[in-house]
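The structure under discussion appears below in the form of structure tokens.
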Number of protein chains: 2
Amino acid sequence: MHTKLSIIDTLKKHQLSVTDARKNILSLFSESGNALAHANIEKQSSAEFDRVTIYRTLQTFVEKGIIHTIPSSDNSVKYALCKDECAAGHHHDDHIHFICDFCGITYCLDQITVPKIKLPNGFKATQTDLIVSGTCNKCEQ
Amino acid sequence: MHTKLSIIDTLKKHQLSVTDARKNILSLFSESGNALAHANIEKQSSAEFDRVTIYRTLQTFVEKGIIHTIPSSDNSVKYALCKDECAAGHHHDDHIHFICDFCGITYCLDQITVPKIKLPNGFKATQTDLIVSGTCNKCEQ
DNA sequence: ACATCATTGCAACTTTGTTGCAAAATATTT
DNA sequence: AAATATTTTGCAACAAAGTTGCAATGATGT
């Protein structure tokens, strides 16, 4: 097992200067545990930071390998914390994302890994995203 | 095997009135063969149809089961023709989508089906999207 | 504490998506 | 085939989402 890095240590580890916006937004992710969309962040850290700052912070975090994007069908990309093995430019988030149709929460199902897919000749995969949607364990009756 | 439906027959089959916009946009899909984003359609049928018409047409096609959406990480949902088994409200597009990082083309790899995923207790899947990105067979050297 | 470098907020803008309504086109009835 | 009913389209106006340049503020290392 590994020890959980503090917010500040995580930023320093990725050679980022420690600012209020970054500390705040990063802690939103670790507190929530699940994926967040830009809109979520804008509401939760309400009126604290400029929209532009949030855009740029998310962008920086993705570049540095702190968070990764999760594709979606409704024009609202979500972001979630990467596992520790992710480094700048090298994302290794081969787990499954589950989007609940009822509560809207996006879960990272770290336990389940994406099965290897055999592609047709000439196709080479660099990234694989598996997005499952349906009903989560809180919303089932 | 099944016989390929004409553009007009496809529209009628789904109880849609046959209009220029629908014929035109639907034929763009069957000619291209691959997935198209709203932006592609707006360019290809340039200045012919209002932006709003394209939005509404795509929405209608999705509702009727003529096309399906393909999630993406860059805030640009793409659309592709459904296989014939799709009906209104019931999409059965359990194939893999491949997005080429170089040419940007999104392929529907109909040959390969998405493997069944065992979810944690309490999670029920209604839809599964598998998006692979990398280099396609035209762009490899 | 100071100088340097990076980050933030503001303003202005572009792009993307939505809604209401009148005009035009399609479908339906006689 | 013409008249009516129903849908669809385009326009305008708007709302939301994302981008860029630049001055001011804040962080970092010596």
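Residue numbers start at 1 in each chain; chains themselves are named A, B, ... in the order of the structure tokens; ligands are numbered from 1 in the order shown.
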
Please report as CSV every residue of chain A lying within 12 Å of chain C, along with the nearest atom pair and their distance in Å (one decimal), using only C-alpha atoms (C1' of nucleotides).
```
residue,atom,partner,partner_atom,distance
A:Gln15,CA,C:DA6,C1',11.7
A:Leu16,CA,C:DA6,C1',9.4
A:Ser17,CA,C:DA6,C1',7.8
A:Val18,CA,C:DT7,C1',9.9
A:Thr19,CA,C:DT7,C1',8.0
A:Asp20,CA,C:DT8,C1',10.1
A:Ala21,CA,C:DT8,C1',8.9
A:Arg22,CA,C:DT7,C1',10.2
A:Ala47,CA,C:DG9,C1',11.9
A:Glu48,CA,C:DG9,C1',11.0
A:Phe49,CA,C:DG9,C1',8.4
A:Asp50,CA,C:DG9,C1',6.5
A:Arg51,CA,C:DG9,C1',9.3
A:Val52,CA,C:DG9,C1',8.2
A:Thr53,CA,C:DT8,C1',6.7
A:Ile54,CA,C:DT8,C1',10.3
A:Tyr55,CA,C:DT8,C1',11.9
A:Arg56,CA,C:DT7,C1',9.7
A:Thr57,CA,C:DT7,C1',9.8
A:Thr60,CA,C:DT7,C1',11.5
A:Asp74,CA,C:DG17,C1',11.4
A:Asn75,CA,C:DT16,C1',10.0
```

Write a file of the selected residues as a tab-separated table (two decimals), in the first residue's frame, keeping N, CA, C and O atoms.
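Once written, result14.tsv looks like this:
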```
chain	number	residue	atom	x	y	z
A	15	GLN	N	5.34	19.43	-9.65
A	15	GLN	CA	6.01	20.70	-9.99
A	15	GLN	C	5.04	21.83	-10.30
A	15	GLN	O	5.21	22.57	-11.26
A	16	LEU	N	4.02	21.91	-9.48
A	16	LEU	CA	3.08	23.01	-9.63
A	16	LEU	C	3.20	23.92	-8.41
A	16	LEU	O	3.34	23.44	-7.28
A	17	SER	N	3.14	25.20	-8.65
A	17	SER	CA	3.14	26.10	-7.49
A	17	SER	C	1.81	25.98	-6.76
A	17	SER	O	0.77	25.74	-7.37
A	18	VAL	N	1.90	26.13	-5.47
A	18	VAL	CA	0.75	25.88	-4.61
A	18	VAL	C	-0.07	27.16	-4.47
A	18	VAL	O	0.35	28.12	-3.84
A	19	THR	N	-1.24	27.17	-5.07
A	19	THR	CA	-2.10	28.36	-5.00
A	19	THR	C	-3.45	27.97	-4.41
A	19	THR	O	-3.79	26.79	-4.33
A	20	ASP	N	-4.19	29.00	-4.01
A	20	ASP	CA	-5.50	28.75	-3.41
A	20	ASP	C	-6.41	27.98	-4.36
A	20	ASP	O	-7.06	27.00	-3.97
A	21	ALA	N	-6.45	28.40	-5.59
A	21	ALA	CA	-7.35	27.76	-6.55
A	21	ALA	C	-7.01	26.29	-6.69
A	21	ALA	O	-7.89	25.42	-6.65
A	22	ARG	N	-5.76	26.00	-6.83
A	22	ARG	CA	-5.35	24.60	-7.04
A	22	ARG	C	-5.61	23.75	-5.82
A	22	ARG	O	-6.09	22.62	-5.92
A	47	ALA	N	-18.40	31.28	-6.60
A	47	ALA	CA	-17.98	32.68	-6.63
A	47	ALA	C	-16.58	32.88	-6.06
A	47	ALA	O	-16.11	34.00	-5.96
A	48	GLU	N	-15.93	31.80	-5.71
A	48	GLU	CA	-14.59	31.96	-5.18
A	48	GLU	C	-13.56	32.22	-6.28
A	48	GLU	O	-12.68	33.03	-6.13
A	49	PHE	N	-13.71	31.49	-7.36
A	49	PHE	CA	-12.73	31.60	-8.43
A	49	PHE	C	-13.41	31.92	-9.75
A	49	PHE	O	-14.53	31.51	-10.00
A	50	ASP	N	-12.68	32.60	-10.56
A	50	ASP	CA	-13.16	32.92	-11.90
A	50	ASP	C	-13.32	31.65	-12.71
A	50	ASP	O	-12.58	30.69	-12.55
A	51	ARG	N	-14.32	31.68	-13.59
A	51	ARG	CA	-14.52	30.54	-14.49
A	51	ARG	C	-13.24	30.20	-15.24
A	51	ARG	O	-12.88	29.02	-15.41
A	52	VAL	N	-12.57	31.22	-15.70
A	52	VAL	CA	-11.35	31.00	-16.48
A	52	VAL	C	-10.30	30.25	-15.67
A	52	VAL	O	-9.62	29.37	-16.17
A	53	THR	N	-10.20	30.61	-14.40
A	53	THR	CA	-9.22	29.94	-13.53
A	53	THR	C	-9.54	28.45	-13.42
A	53	THR	O	-8.64	27.61	-13.45
A	54	ILE	N	-10.83	28.14	-13.31
A	54	ILE	CA	-11.21	26.74	-13.21
A	54	ILE	C	-10.86	25.99	-14.50
A	54	ILE	O	-10.29	24.90	-14.46
A	55	TYR	N	-11.16	26.59	-15.63
A	55	TYR	CA	-10.78	25.96	-16.90
A	55	TYR	C	-9.29	25.69	-16.93
A	55	TYR	O	-8.84	24.58	-17.27
A	56	ARG	N	-8.52	26.70	-16.59
A	56	ARG	CA	-7.07	26.54	-16.70
A	56	ARG	C	-6.52	25.56	-15.67
A	56	ARG	O	-5.59	24.81	-15.95
A	57	THR	N	-7.11	25.55	-14.51
A	57	THR	CA	-6.65	24.61	-13.48
A	57	THR	C	-6.91	23.17	-13.90
A	57	THR	O	-6.04	22.31	-13.79
A	60	THR	N	-4.46	22.19	-16.56
A	60	THR	CA	-3.14	21.94	-15.99
A	60	THR	C	-3.09	20.58	-15.30
A	60	THR	O	-2.14	19.82	-15.48
A	74	ASP	N	-23.17	13.49	-23.41
A	74	ASP	CA	-24.03	14.67	-23.31
A	74	ASP	C	-23.24	15.96	-23.27
A	74	ASP	O	-23.64	16.92	-22.61
A	75	ASN	N	-22.13	16.00	-23.97
A	75	ASN	CA	-21.37	17.24	-24.05
A	75	ASN	C	-21.01	17.80	-22.68
A	75	ASN	O	-21.03	19.01	-22.49
```

Would you mind listing, as JSON, numbers by chain, all residues of chain D that have at least one atom within 10 Å of chain B, where only C-alpha atoms (C1' of nucleotides) are what counts?
{"D": [7, 8, 9, 10, 11, 17]}

Taking a cut-off of 8 Å and counting only C-alpha atoms, can you build a table that, for each residue of chain B near chain A, reports the nearest atom pair and how far apart they are in Å (one decimal), sorted by chain then residue number, as a Markdown table?
```
| residue | atom | partner | partner_atom | distance |
| --- | --- | --- | --- | --- |
| B:Thr69 | CA | A:Ser73 | CA | 6.2 |
| B:Ile70 | CA | A:Ser73 | CA | 6.1 |
| B:Pro71 | CA | A:Ser73 | CA | 4.2 |
| B:Ser72 | CA | A:Pro71 | CA | 4.5 |
| B:Ser73 | CA | A:Pro71 | CA | 4.1 |
| B:Asp74 | CA | A:Val77 | CA | 7.0 |
| B:Asn75 | CA | A:Asn75 | CA | 5.0 |
| B:Ser76 | CA | A:Asn75 | CA | 6.3 |
| B:Val77 | CA | A:Ser73 | CA | 6.0 |
| B:Ile112 | CA | A:Leu119 | CA | 7.8 |
| B:Pro115 | CA | A:Pro115 | CA | 7.6 |
| B:Leu119 | CA | A:Ile112 | CA | 7.8 |
| B:Asn121 | CA | A:Asn137 | CA | 7.0 |
| B:Gly122 | CA | A:Asn137 | CA | 4.1 |
| B:Phe123 | CA | A:Cys136 | CA | 4.6 |
| B:Lys124 | CA | A:Thr135 | CA | 5.1 |
| B:Ala125 | CA | A:Gly134 | CA | 4.4 |
| B:Thr126 | CA | A:Gly134 | CA | 4.7 |
| B:Gln127 | CA | A:Ser133 | CA | 5.2 |
| B:Thr128 | CA | A:Val132 | CA | 4.4 |
| B:Asp129 | CA | A:Ile131 | CA | 5.1 |
| B:Leu130 | CA | A:Leu130 | CA | 4.5 |
| B:Ile131 | CA | A:Asp129 | CA | 5.1 |
| B:Val132 | CA | A:Thr128 | CA | 4.4 |
| B:Ser133 | CA | A:Gln127 | CA | 5.3 |
| B:Gly134 | CA | A:Ala125 | CA | 4.4 |
| B:Thr135 | CA | A:Lys124 | CA | 5.1 |
| B:Cys136 | CA | A:Phe123 | CA | 4.6 |
| B:Asn137 | CA | A:Gly122 | CA | 4.0 |
| B:Lys138 | CA | A:Gly122 | CA | 7.6 |
| B:Glu140 | CA | A:Gly122 | CA | 6.8 |
```

What would the file look like if the residues just selected were written as a JSON list (two decimals), in the first residue's frame with C-alpha atoms?
```json
[["chain", "number", "residue", "atom", "x", "y", "z"],
["B", 69, "THR", "CA", -24.31, 9.09, -29.97],
["B", 70, "ILE", "CA", -20.68, 8.29, -29.35],
["B", 71, "PRO", "CA", -19.13, 9.71, -26.18],
["B", 72, "SER", "CA", -15.93, 11.67, -26.48],
["B", 73, "SER", "CA", -13.44, 13.37, -24.22],
["B", 74, "ASP", "CA", -13.29, 16.64, -26.05],
["B", 75, "ASN", "CA", -16.77, 18.04, -25.73],
["B", 76, "SER", "CA", -17.77, 17.05, -29.22],
["B", 77, "VAL", "CA", -20.32, 14.26, -29.27],
["B", 112, "ILE", "CA", -16.02, -6.52, -32.45],
["B", 115, "PRO", "CA", -17.29, -7.91, -23.73],
["B", 119, "LEU", "CA", -20.21, -4.93, -12.17],
["B", 121, "ASN", "CA", -23.27, -5.58, -6.46],
["B", 122, "GLY", "CA", -26.13, -3.16, -6.90],
["B", 123, "PHE", "CA", -24.91, -1.73, -10.18],
["B", 124, "LYS", "CA", -27.07, -2.47, -13.22],
["B", 125, "ALA", "CA", -25.94, -1.59, -16.71],
["B", 126, "THR", "CA", -28.30, -0.38, -19.38],
["B", 127, "GLN", "CA", -25.66, 0.83, -21.81],
["B", 128, "THR", "CA", -22.01, 0.20, -22.42],
["B", 129, "ASP", "CA", -19.71, 2.33, -24.55],
["B", 130, "LEU", "CA", -16.22, 1.27, -25.39],
["B", 131, "ILE", "CA", -14.12, 3.96, -26.99],
["B", 132, "VAL", "CA", -10.65, 3.13, -28.15],
["B", 133, "SER", "CA", -8.31, 5.80, -29.46],
["B", 134, "GLY", "CA", -4.98, 5.50, -31.18],
["B", 135, "THR", "CA", -3.77, 5.11, -34.75],
["B", 136, "CYS", "CA", -6.06, 3.82, -37.49],
["B", 137, "ASN", "CA", -5.06, 1.59, -40.38],
["B", 138, "LYS", "CA", -4.77, 4.51, -42.80],
["B", 140, "GLU", "CA", -0.02, 3.96, -39.54]]
```

Can you tell me, as a PyMOL selection string, which residues in region 41-122 of chain B count as strand (DSSP E or B) by DSSP?
chain B and resi 67-70+72+78-81+87+90+95-100+106-113

So which residues of chain A fall under helix (DSSP H, G or I) by DSSP, listed as a ChimeraX atom specification?
/A:7-13,20-32,38-44,51-64

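Rounded to one decimal, CA of Ile67 (chain B) and CA of Cys82 (chain B) lie 4.8 Å from each other.
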
What does the distance between CA of Ile66 (chain B) and CA of Thr10 (chain B) come to in Å, to one decimal place?
8.2 Å
